[in-house]
file model.pdb (PDB, C-alpha atoms)
ATOM      1  CA  MET A   1     119.383 155.275  54.332
ATOM      2  CA  GLY A   2     115.801 154.171  53.892
ATOM      3  CA  ASN A   3     112.985 156.530  53.193
ATOM      4  CA  CYS A   4     109.342 156.373  52.316
ATOM      5  CA  LEU A   5     109.326 159.306  49.928
ATOM      6  CA  LYS A   6     109.971 157.337  46.801
ATOM      7  CA  GLY A   7     110.392 158.730  43.374
ATOM      8  CA  SER A   8     112.039 162.023  44.171
ATOM      9  CA  SER A   9     115.543 163.123  44.991
ATOM     10  CA  ALA A  10     116.362 165.190  48.059
ATOM     11  CA  ASP A  11     116.763 168.503  46.315
ATOM     12  CA  ASP A  12     114.097 168.096  43.686
ATOM     13  CA  ILE A  13     112.441 171.495  43.642
ATOM     14  CA  SER A  14     109.737 170.179  41.337
ATOM     15  CA  LEU A  15     108.135 168.765  44.495
ATOM     16  CA  LEU A  16     107.070 172.320  45.186
ATOM     17  CA  ARG A  17     105.041 172.503  42.037
ATOM     18  CA  GLY A  18     101.574 171.049  41.851
ATOM     19  CA  SER A  19     101.013 167.656  40.333
ATOM     20  CA  GLU A  20      99.396 169.558  37.467
ATOM     21  CA  SER A  21     102.736 170.946  36.446
ATOM     22  CA  THR A  22     103.540 167.885  34.377
ATOM     23  CA  ALA A  23     100.299 168.157  32.432
ATOM     24  CA  ASP A  24     100.682 171.865  31.837
ATOM     25  CA  SER A  25     104.242 172.875  32.524
ATOM     26  CA  SER A  26     103.705 176.566  31.815
ATOM     27  CA  SER A  27     101.093 176.999  34.566
ATOM     28  CA  SER A  28     103.587 176.919  37.422
ATOM     29  CA  ASP A  29     105.519 179.817  35.920
ATOM     30  CA  GLN A  30     102.532 182.038  35.408
ATOM     31  CA  LEU A  31     102.088 185.045  37.616
ATOM     32  CA  GLY A  32      98.793 185.723  39.282
ATOM     33  CA  PRO A  33      96.210 183.344  40.676
ATOM     34  CA  PRO A  34      95.325 180.141  38.861
ATOM     35  CA  PRO A  35      91.778 179.616  37.554
ATOM     36  CA  PRO A  36      89.378 179.171  40.479
ATOM     37  CA  TYR A  37      88.416 175.610  39.656
ATOM     38  CA  ARG A  38      91.983 174.502  40.296
ATOM     39  CA  VAL A  39      92.468 176.118  43.684
ATOM     40  CA  GLU A  40      91.194 173.115  45.650
ATOM     41  CA  SER A  41      93.767 170.765  44.205
ATOM     42  CA  LEU A  42      96.795 172.982  44.792
ATOM     43  CA  PRO A  43      99.052 171.752  47.565
ATOM     44  CA  VAL A  44      99.363 174.029  50.577
ATOM     45  CA  TYR A  45     102.668 174.554  52.367
ATOM     46  CA  TYR A  46     103.595 175.967  55.758
ATOM     47  CA  PRO A  47     106.676 178.192  55.648
ATOM     48  CA  SER A  48     106.041 178.732  59.385
ATOM     49  CA  PRO A  49     103.662 176.814  61.667
ATOM     50  CA  ASN A  50     100.950 179.475  61.478
ATOM     51  CA  ILE A  51     101.422 180.576  57.874
ATOM     52  CA  SER A  52      99.856 178.486  55.144
ATOM     53  CA  ARG A  53     100.109 179.292  51.456
ATOM     54  CA  PRO A  54      99.100 177.553  48.270
ATOM     55  CA  VAL A  55     102.134 176.522  46.309
ATOM     56  CA  THR A  56     101.677 179.295  43.727
ATOM     57  CA  GLN A  57     101.946 182.016  46.350
ATOM     58  CA  LEU A  58     105.215 181.028  48.001
ATOM     59  CA  THR A  59     108.039 183.543  47.845
ATOM     60  CA  GLU A  60     111.327 182.359  46.461
ATOM     61  CA  GLU A  61     112.801 182.355  49.952
ATOM     62  CA  GLU A  62     109.946 180.176  51.224
ATOM     63  CA  GLN A  63     110.336 177.783  48.304
ATOM     64  CA  VAL A  64     113.987 177.319  49.184
ATOM     65  CA  LYS A  65     113.135 176.820  52.852
ATOM     66  CA  ILE A  66     110.545 174.164  52.032
ATOM     67  CA  ALA A  67     112.748 172.414  49.505
ATOM     68  CA  LYS A  68     115.517 172.233  52.125
ATOM     69  CA  ARG A  69     113.059 170.871  54.636
ATOM     70  CA  LEU A  70     111.868 168.179  52.225
ATOM     71  CA  GLY A  71     115.503 167.234  51.718
ATOM     72  CA  LEU A  72     116.260 167.140  55.434
ATOM     73  CA  ILE A  73     113.204 165.026  56.224
ATOM     74  CA  GLN A  74     114.466 162.362  53.855
ATOM     75  CA  HIS A  75     117.689 162.123  55.833
ATOM     76  CA  LEU A  76     115.832 161.099  58.976
ATOM     77  CA  PRO A  77     115.927 157.337  59.364
ATOM     78  CA  THR A  78     112.788 155.299  58.831
ATOM     79  CA  GLY A  79     112.021 151.711  59.621
ATOM     80  CA  ILE A  80     109.345 149.143  60.175
ATOM     81  CA  TYR A  81     107.871 148.949  63.670
ATOM     82  CA  ASP A  82     109.342 145.898  65.354
ATOM     83  CA  GLY A  83     107.207 145.706  68.487
ATOM     84  CA  CYS A  84     109.621 147.753  70.620
ATOM     85  CA  LYS A  85     107.920 148.275  73.976
ATOM     86  CA  LYS A  86     109.482 151.708  74.510
ATOM     87  CA  ASN A  87     107.417 153.284  71.756
ATOM     88  CA  ARG A  88     103.917 151.914  71.829
ATOM     89  CA  GLU A  89     101.822 154.686  70.407
ATOM     90  CA  CYS A  90     102.147 157.416  67.817
ATOM     91  CA  VAL A  91     101.247 160.497  69.851
ATOM     92  CA  ILE A  92     100.104 162.360  66.738
ATOM     93  CA  CYS A  93      97.266 160.046  65.676
ATOM     94  CA  MET A  94      97.108 158.423  69.162
ATOM     95  CA  VAL A  95      96.991 154.948  67.654
ATOM     96  CA  GLU A  96      99.167 152.091  68.908
ATOM     97  CA  PHE A  97     101.878 151.025  66.511
ATOM     98  CA  GLN A  98     101.150 147.790  64.687
ATOM     99  CA  MET A  99     103.855 145.444  63.481
ATOM    100  CA  GLU A 100     104.898 146.439  59.960
ATOM    101  CA  ASP A 101     103.899 150.115  60.397
ATOM    102  CA  CYS A 102     106.239 152.486  58.604
ATOM    103  CA  VAL A 103     107.847 154.666  61.299
ATOM    104  CA  ARG A 104     110.357 157.499  61.411
ATOM    105  CA  TYR A 105     112.959 158.002  64.161
ATOM    106  CA  LEU A 106     113.937 161.532  65.202
ATOM    107  CA  PRO A 107     117.437 162.230  66.570
ATOM    108  CA  CYS A 108     115.936 162.378  70.099
ATOM    109  CA  MET A 109     114.727 158.797  69.467
ATOM    110  CA  HIS A 110     111.046 159.655  69.579
ATOM    111  CA  THR A 111     109.202 157.563  67.010
ATOM    112  CA  TYR A 112     106.130 158.365  64.911
ATOM    113  CA  HIS A 113     104.275 157.057  61.894
ATOM    114  CA  VAL A 114     106.040 158.391  58.818
ATOM    115  CA  LYS A 115     102.900 160.005  57.427
ATOM    116  CA  CYS A 116     102.061 161.623  60.778
ATOM    117  CA  ILE A 117     105.466 163.108  61.576
ATOM    118  CA  ASP A 118     106.211 164.213  58.002
ATOM    119  CA  ASP A 119     103.085 166.383  58.004
ATOM    120  CA  TRP A 120     104.266 168.005  61.232
ATOM    121  CA  LEU A 121     107.890 168.441  60.125
ATOM    122  CA  MET A 122     106.676 170.322  57.057
ATOM    123  CA  ARG A 123     105.325 172.905  59.502
ATOM    124  CA  SER A 124     107.855 172.868  62.299
ATOM    125  CA  PHE A 125     111.231 171.215  62.568
ATOM    126  CA  THR A 126     110.808 170.198  66.205
ATOM    127  CA  CYS A 127     109.951 166.930  67.939
ATOM    128  CA  PRO A 128     106.299 167.101  69.097
ATOM    129  CA  SER A 129     107.120 165.187  72.279
ATOM    130  CA  CYS A 130     110.243 166.920  73.593
ATOM    131  CA  MET A 131     110.242 170.062  71.408
ATOM    132  CA  GLU A 132     113.920 169.427  70.549
ATOM    133  CA  PRO A 133     114.848 171.051  67.257
ATOM    134  CA  VAL A 134     115.457 168.354  64.670
ATOM    135  CA  ASP A 135     117.853 170.439  62.548
ATOM    136  CA  ALA A 136     120.895 170.608  64.759
ATOM    137  CA  ALA A 137     121.694 166.904  64.838
ATOM    138  CA  LEU A 138     120.712 166.510  61.214
ATOM    139  CA  LEU A 139     122.625 169.306  59.596
ATOM    140  CA  THR A 140     126.003 167.765  60.347
ATOM    141  CA  SER A 141     125.145 164.489  58.671
ATOM    142  CA  TYR A 142     123.417 166.296  55.818
ATOM    143  CA  GLU A 143     126.511 168.329  55.007
ATOM    144  CA  THR A 144     128.869 165.367  55.062
ATOM    145  CA  ASN A 145     126.661 163.345  52.738
TER     146      ASN A 145
ATOM    147  CA  MET B 146     103.502 161.932  48.730
ATOM    148  CA  GLN B 147      99.848 162.772  49.129
ATOM    149  CA  SER B 148     100.020 163.003  52.912
ATOM    150  CA  LEU B 149     102.900 165.466  52.701
ATOM    151  CA  LYS B 150     100.826 167.794  50.605
ATOM    152  CA  ALA B 151      97.559 167.371  52.430
ATOM    153  CA  GLY B 152      98.885 168.519  55.806
ATOM    154  CA  HIS B 153      96.271 166.816  57.914
ATOM    155  CA  LEU B 154      95.208 163.436  59.182
ATOM    156  CA  ASP B 155      92.649 161.816  56.916
ATOM    157  CA  ALA B 156      89.089 162.061  58.183
ATOM    158  CA  SER B 157      89.021 158.654  59.840
ATOM    159  CA  ARG B 158      92.251 159.224  61.781
ATOM    160  CA  TRP B 159      91.098 162.749  62.783
ATOM    161  CA  GLU B 160      87.867 161.277  64.088
ATOM    162  CA  ARG B 161      89.598 158.422  65.858
ATOM    163  CA  ARG B 162      92.009 160.731  67.648
ATOM    164  CA  LEU B 163      89.201 163.051  68.818
ATOM    165  CA  GLN B 164      87.039 160.063  69.894
ATOM    166  CA  LYS B 165      89.978 158.730  71.878
ATOM    167  CA  GLU B 166      90.591 162.092  73.525
ATOM    168  CA  LEU B 167      86.897 162.406  74.353
ATOM    169  CA  MET B 168      86.770 158.942  75.938
ATOM    170  CA  SER B 169      89.825 159.564  78.098
ATOM    171  CA  LEU B 170      88.573 163.006  79.152
ATOM    172  CA  MET B 171      85.216 161.492  80.166
ATOM    173  CA  LYS B 172      86.801 158.545  81.976
ATOM    174  CA  GLU B 173      89.702 160.282  83.696
ATOM    175  CA  PRO B 174      89.150 164.034  83.697
ATOM    176  CA  PRO B 175      91.638 166.295  85.474
ATOM    177  CA  PRO B 176      90.222 167.581  88.817
ATOM    178  CA  GLY B 177      87.462 170.157  88.306
ATOM    179  CA  VAL B 178      87.138 169.447  84.578
ATOM    180  CA  GLU B 179      84.092 167.927  82.890
ATOM    181  CA  VAL B 180      83.424 167.646  79.165
ATOM    182  CA  ASP B 181      79.907 167.747  77.731
ATOM    183  CA  GLY B 182      80.116 164.296  76.164
ATOM    184  CA  ASP B 183      76.712 164.319  74.437
ATOM    185  CA  GLN B 184      77.395 167.561  72.626
ATOM    186  CA  ALA B 185      80.869 166.432  71.559
ATOM    187  CA  GLU B 186      79.489 163.091  70.330
ATOM    188  CA  GLN B 187      77.064 164.968  68.086
ATOM    189  CA  ASN B 188      79.682 167.281  66.671
ATOM    190  CA  LEU B 189      83.240 166.138  67.222
ATOM    191  CA  SER B 190      84.654 169.468  66.072
ATOM    192  CA  LEU B 191      82.971 171.547  68.802
ATOM    193  CA  TRP B 192      83.318 170.711  72.486
ATOM    194  CA  THR B 193      82.229 172.451  75.654
ATOM    195  CA  VAL B 194      84.294 171.840  78.782
ATOM    196  CA  HIS B 195      83.098 172.844  82.247
ATOM    197  CA  MET B 196      85.820 173.945  84.609
ATOM    198  CA  LYS B 197      85.716 174.661  88.321
ATOM    199  CA  GLY B 198      88.077 177.102  90.010
ATOM    200  CA  ALA B 199      90.500 175.025  92.124
ATOM    201  CA  GLU B 200      90.196 175.052  95.904
ATOM    202  CA  GLY B 201      92.500 177.398  97.721
ATOM    203  CA  THR B 202      92.823 179.701  94.671
ATOM    204  CA  LEU B 203      91.250 183.047  93.820
ATOM    205  CA  TYR B 204      88.698 181.212  91.662
ATOM    206  CA  GLU B 205      87.464 178.745  94.289
ATOM    207  CA  GLY B 206      83.677 178.340  94.050
ATOM    208  CA  GLU B 207      83.490 179.737  90.496
ATOM    209  CA  SER B 208      82.507 177.774  87.383
ATOM    210  CA  PHE B 209      83.590 178.473  83.853
ATOM    211  CA  GLN B 210      82.889 177.121  80.394
ATOM    212  CA  LEU B 211      85.527 176.574  77.743
ATOM    213  CA  GLN B 212      84.811 176.051  74.071
ATOM    214  CA  PHE B 213      87.141 173.955  71.914
ATOM    215  CA  LYS B 214      86.914 174.157  68.114
ATOM    216  CA  PHE B 215      88.908 171.666  66.057
ATOM    217  CA  SER B 216      89.771 172.382  62.433
ATOM    218  CA  PRO B 217      90.154 169.523  59.941
ATOM    219  CA  LYS B 218      93.898 170.048  60.411
ATOM    220  CA  TYR B 219      93.873 169.176  64.100
ATOM    221  CA  PRO B 220      96.217 168.058  65.705
ATOM    222  CA  PHE B 221      98.668 169.802  63.367
ATOM    223  CA  ASP B 222      96.717 173.005  63.958
ATOM    224  CA  SER B 223      96.006 173.905  67.565
ATOM    225  CA  PRO B 224      92.380 173.914  68.706
ATOM    226  CA  GLU B 225      90.634 177.279  69.003
ATOM    227  CA  VAL B 226      90.005 177.636  72.740
ATOM    228  CA  THR B 227      87.934 180.399  74.369
ATOM    229  CA  PHE B 228      85.982 180.948  77.551
ATOM    230  CA  ILE B 229      82.256 181.262  76.817
ATOM    231  CA  GLY B 230      79.106 181.861  78.855
ATOM    232  CA  SER B 231      78.224 184.337  81.552
ATOM    233  CA  ASN B 232      81.286 183.912  83.766
ATOM    234  CA  ILE B 233      84.571 184.749  82.058
ATOM    235  CA  PRO B 234      87.389 184.488  84.633
ATOM    236  CA  VAL B 235      88.900 187.826  85.605
ATOM    237  CA  HIS B 236      92.572 187.089  84.942
ATOM    238  CA  PRO B 237      95.504 189.106  83.512
ATOM    239  CA  HIS B 238      95.660 186.743  80.510
ATOM    240  CA  VAL B 239      91.939 186.352  79.845
ATOM    241  CA  TYR B 240      90.108 189.043  77.870
ATOM    242  CA  SER B 241      86.503 189.840  78.701
ATOM    243  CA  ASN B 242      85.404 188.324  75.353
ATOM    244  CA  GLY B 243      86.829 184.970  76.471
ATOM    245  CA  HIS B 244      90.071 185.056  74.457
ATOM    246  CA  ILE B 245      93.052 183.538  76.275
ATOM    247  CA  CYS B 246      96.666 184.636  75.890
ATOM    248  CA  LEU B 247      98.445 181.294  76.304
ATOM    249  CA  SER B 248     101.400 180.323  74.116
ATOM    250  CA  ILE B 249     100.539 176.614  73.756
ATOM    251  CA  LEU B 250      97.357 177.674  71.946
ATOM    252  CA  THR B 251      99.380 179.172  69.097
ATOM    253  CA  ASP B 252     103.185 179.394  68.848
ATOM    254  CA  ASP B 253     104.062 176.613  71.274
ATOM    255  CA  TRP B 254     101.412 174.141  70.140
ATOM    256  CA  SER B 255     102.549 170.587  69.426
ATOM    257  CA  PRO B 256     100.468 167.666  68.144
ATOM    258  CA  ALA B 257     101.604 165.747  71.237
ATOM    259  CA  LEU B 258      99.446 168.097  73.322
ATOM    260  CA  SER B 259      95.772 167.300  73.840
ATOM    261  CA  VAL B 260      92.506 168.698  75.151
ATOM    262  CA  GLN B 261      93.496 167.284  78.520
ATOM    263  CA  SER B 262      96.874 169.022  78.574
ATOM    264  CA  VAL B 263      95.304 172.305  77.425
ATOM    265  CA  CYS B 264      92.739 172.047  80.254
ATOM    266  CA  LEU B 265      95.525 171.383  82.770
ATOM    267  CA  SER B 266      97.466 174.414  81.529
ATOM    268  CA  ILE B 267      94.414 176.625  81.883
ATOM    269  CA  VAL B 268      93.626 175.323  85.387
ATOM    270  CA  SER B 269      97.233 175.983  86.359
ATOM    271  CA  MET B 270      97.201 179.436  84.747
ATOM    272  CA  LEU B 271      94.134 180.343  86.817
ATOM    273  CA  SER B 272      95.494 178.750  89.977
ATOM    274  CA  SER B 273      98.750 180.679  89.977
ATOM    275  CA  CYS B 274      96.985 184.048  89.675
ATOM    276  CA  LYS B 275      97.737 186.469  92.526
ATOM    277  CA  GLU B 276      95.423 189.306  91.632
ATOM    278  CA  LYS B 277      92.141 189.187  89.739
ATOM    279  CA  LYS B 278      92.318 191.776  87.003
ATOM    280  CA  ARG B 279      91.794 192.062  83.243
ATOM    281  CA  PRO B 280      94.706 192.449  80.832
ATOM    282  CA  PRO B 281      95.797 196.116  80.645
ATOM    283  CA  ASP B 282      94.725 196.403  76.978
ATOM    284  CA  ASN B 283      91.389 194.649  77.458
ATOM    285  CA  SER B 284      88.988 197.327  76.209
ATOM    286  CA  PHE B 285      91.049 198.101  73.096
ATOM    287  CA  TYR B 286      91.582 194.426  72.302
ATOM    288  CA  VAL B 287      87.947 193.321  72.558
ATOM    289  CA  LYS B 288      86.881 196.208  70.294
ATOM    290  CA  THR B 289      89.435 195.501  67.589
ATOM    291  CA  CYS B 290      90.205 191.765  67.648
ATOM    292  CA  ASN B 291      89.176 189.076  65.184
ATOM    293  CA  LYS B 292      86.502 186.645  66.393
ATOM    294  CA  ASN B 293      89.063 183.871  66.148
ATOM    295  CA  PRO B 294      91.760 184.287  68.835
ATOM    296  CA  LYS B 295      94.201 182.358  66.665
ATOM    297  CA  LYS B 296      94.244 185.330  64.280
ATOM    298  CA  THR B 297      95.684 187.517  67.027
ATOM    299  CA  LYS B 298      99.426 188.097  66.994
ATOM    300  CA  TRP B 299      99.952 187.347  70.664
ATOM    301  CA  TRP B 300     102.981 188.742  72.376
ATOM    302  CA  TYR B 301     103.955 186.320  75.136
ATOM    303  CA  HIS B 302     105.984 188.176  77.716
ATOM    304  CA  ASP B 303     104.777 187.187  81.155
ATOM    305  CA  ASP B 304     105.612 183.724  82.471
ATOM    306  CA  SER B 305     104.638 184.371  86.069
ATOM    307  CA  VAL B 306     100.900 183.630  85.891
TER     308      VAL B 306
END

call {"tool": "encode", "arguments": {"input": "model.pdb", "output": "structure tokens"}}
result
Amino acid sequence: MGNCLKGSSADDISLLRGSESTADSSSSDQLGPPPPYRVESLPVYYPSPNISRPVTQLTEEEQVKIAKRLGLIQHLPTGIYDGCKKNRECVICMVEFQMEDCVRYLPCMHTYHVKCIDDWLMRSFTCPSCMEPVDAALLTSYETN
Amino acid sequence: MQSLKAGHLDASRWERRLQKELMSLMKEPPPGVEVDGDQAEQNLSLWTVHMKGAEGTLYEGESFQLQFKFSPKYPFDSPEVTFIGSNIPVHPHVYSNGHICLSILTDDWSPALSVQSVCLSIVSMLSSCKEKKRPPDNSFYVKTCNKNPKKTKWWYHDDSV
């Protein structure tokens, strides 16, 4: 199955750590807030649509939830836009698809730019257009893989 | 990977989406809705929308003003929408400080929704009202709430109006 999230495996929990963690591997294990000058560069995650937290403040349960989500997203098929007339526009950025755009197909067959829909799926596992939960159809294929 | 971490459209795509929404709202506004295009052009993150009460409803003949604030994370984050100005509609889901209890503005928001669809929902919410009154907890709420209605933990329980 194709995906546009290269360089990481589905269950790689290191995705949850900041990019700094390679330079200073002990920092991600430290308790307490990081030095202020680093705050801006820390990735922020959304355990629920209205809850945002910098990566250092996620609970263990939230880390697991987000790691699972990252894994699930990679099991959603991607492709290159082929000019299909049914899907003309990405409703997230409201820009018409161009040939060669990298798109992702949800189980309900709604199509979005990969970078647009992945940002949304990290907050909510529903299709923006029909509000169908993405999990249900996915989980079966995920477990058999 | 960067886009996964960032959680928002980059500035140019954010601007393009809002410009596109503004153009379509100016060209083909829903009935009774008019956006202040000049103000929005000057500051794309703050819009004022004028709304007329629909004919044949309790709000016929009234005019209202809605304010839309867009964070840099729009459309992943919902816009902050409040009634402003001297005439705040008297409605069971509208507090006297202009805050609106409407699920698509928080829990049920989706990036496929737009300023236009939010306006339509608000027009329809007003139009289906059977009795003009404030929410039962109005005076307590306006004294204690955050300035930003999105910080309120809304409890959506009434689908009838």

call {"tool": "interface_residues", "arguments": {"input": "model.pdb", "of": "chain A", "to": "chain B", "cutoff": "8 Å", "atoms": "only C-alpha atoms", "output": "VMD selection string"}}
result
chain A and resid 5 43 to 45 49 to 50 91 to 95 115 to 116 118 to 120 122 128 to 129 131

call {"tool": "closest_residue", "arguments": {"input": "model.pdb", "among": "B:Lys218, B:Arg279, B:Lys288, B:Lys298", "to": "Ser52 (chain A)", "atoms": "only C-alpha atoms"}}
result
B:Lys218

call {"tool": "atom_distance", "arguments": {"input": "model.pdb", "atom1": "CA of Leu121 (chain A)", "atom2": "CA of Asp135 (chain A)"}}
result
10.4 Å

call {"tool": "atom_distance", "arguments": {"input": "model.pdb", "atom1": "CA of Gly198 (chain B)", "atom2": "CA of Ser216 (chain B)"}}
result
28.0 Å

call {"tool": "resolve_selection", "arguments": {"input": "model.pdb", "expression": "the PyMOL selection byres ((chain B and resi 286) around 12)", "output": "list in words"}}
result
His238, Val239, Tyr240, Ser241, Asn242, Gly243, His244, Ile245, Cys246, Arg279, Pro280, Pro281, Asp282, Asn283, Ser284, Phe285, Val287, Lys288, Thr289, Cys290, Asn291, Lys292, Pro294, Thr297, Lys298 and Trp299 of chain B

call {"tool": "write_last_selection", "arguments": {"input": "model.pdb", "atoms": "C-alpha atoms", "output": "compact mmCIF listing (two decimals), keeping the file's coordinate frame"}}
result
# COMPACT_ATOMS: atom_id res chain seq x y z
CA HIS B 238 95.66 186.74 80.51
CA VAL B 239 91.94 186.35 79.84
CA TYR B 240 90.11 189.04 77.87
CA SER B 241 86.50 189.84 78.70
CA ASN B 242 85.40 188.32 75.35
CA GLY B 243 86.83 184.97 76.47
CA HIS B 244 90.07 185.06 74.46
CA ILE B 245 93.05 183.54 76.28
CA CYS B 246 96.67 184.64 75.89
CA ARG B 279 91.79 192.06 83.24
CA PRO B 280 94.71 192.45 80.83
CA PRO B 281 95.80 196.12 80.64
CA ASP B 282 94.72 196.40 76.98
CA ASN B 283 91.39 194.65 77.46
CA SER B 284 88.99 197.33 76.21
CA PHE B 285 91.05 198.10 73.10
CA VAL B 287 87.95 193.32 72.56
CA LYS B 288 86.88 196.21 70.29
CA THR B 289 89.44 195.50 67.59
CA CYS B 290 90.20 191.76 67.65
CA ASN B 291 89.18 189.08 65.18
CA LYS B 292 86.50 186.64 66.39
CA PRO B 294 91.76 184.29 68.83
CA THR B 297 95.68 187.52 67.03
CA LYS B 298 99.43 188.10 66.99
CA TRP B 299 99.95 187.35 70.66

call {"tool": "atom_distance", "arguments": {"input": "model.pdb", "atom1": "CA of Arg53 (chain A)", "atom2": "CA of Ile73 (chain A)"}}
result
19.9 Å

call {"tool": "closest_residue", "arguments": {"input": "model.pdb", "among": "B:Ser273, B:Asn293, B:Thr227, B:Gln261", "to": "Pro176 (chain B)", "atoms": "all atoms listed in the file"}}
result
B:Gln261

call {"tool": "residues_around", "arguments": {"input": "model.pdb", "residues": "Asp183 (chain B)", "least_positions_apart": "3", "cutoff": "12 Å", "atoms": "all atoms listed in the file", "output": "list of chain:residue names"}}
result
B:Leu167, B:Met168, B:Met171, B:Glu179, B:Val180, B:Glu186, B:Gln187, B:Asn188, B:Leu189, B:Leu191, B:Trp192, B:Thr193, B:Val194

call {"tool": "resolve_selection", "arguments": {"input": "model.pdb", "expression": "the PyMOL selection byres ((chain B and resi 277) around 8)", "output": "list in words"}}
result
Leu203, Val235, His236, Pro237, Cys274, Lys275, Glu276, Lys278 and Arg279 of chain B

call {"tool": "resolve_selection", "arguments": {"input": "model.pdb", "expression": "the PyMOL selection byres ((chain A and resi 112) around 8)", "output": "ChimeraX atom specification"}}
result
/A:89-92,103-105,110-111,113-114,116-117

call {"tool": "residues_around", "arguments": {"input": "model.pdb", "residues": "Ser124 (chain A)", "least_positions_apart": "5", "cutoff": "9 Å", "atoms": "all atoms listed in the file", "output": "NGL selection string"}}
result
:A and (46-49 or 133)

call {"tool": "closest_residue", "arguments": {"input": "model.pdb", "among": "B:Val263, B:Ile229, B:Pro234, B:Ser157", "to": "Glu205 (chain B)", "atoms": "all atoms listed in the file"}}
result
B:Pro234
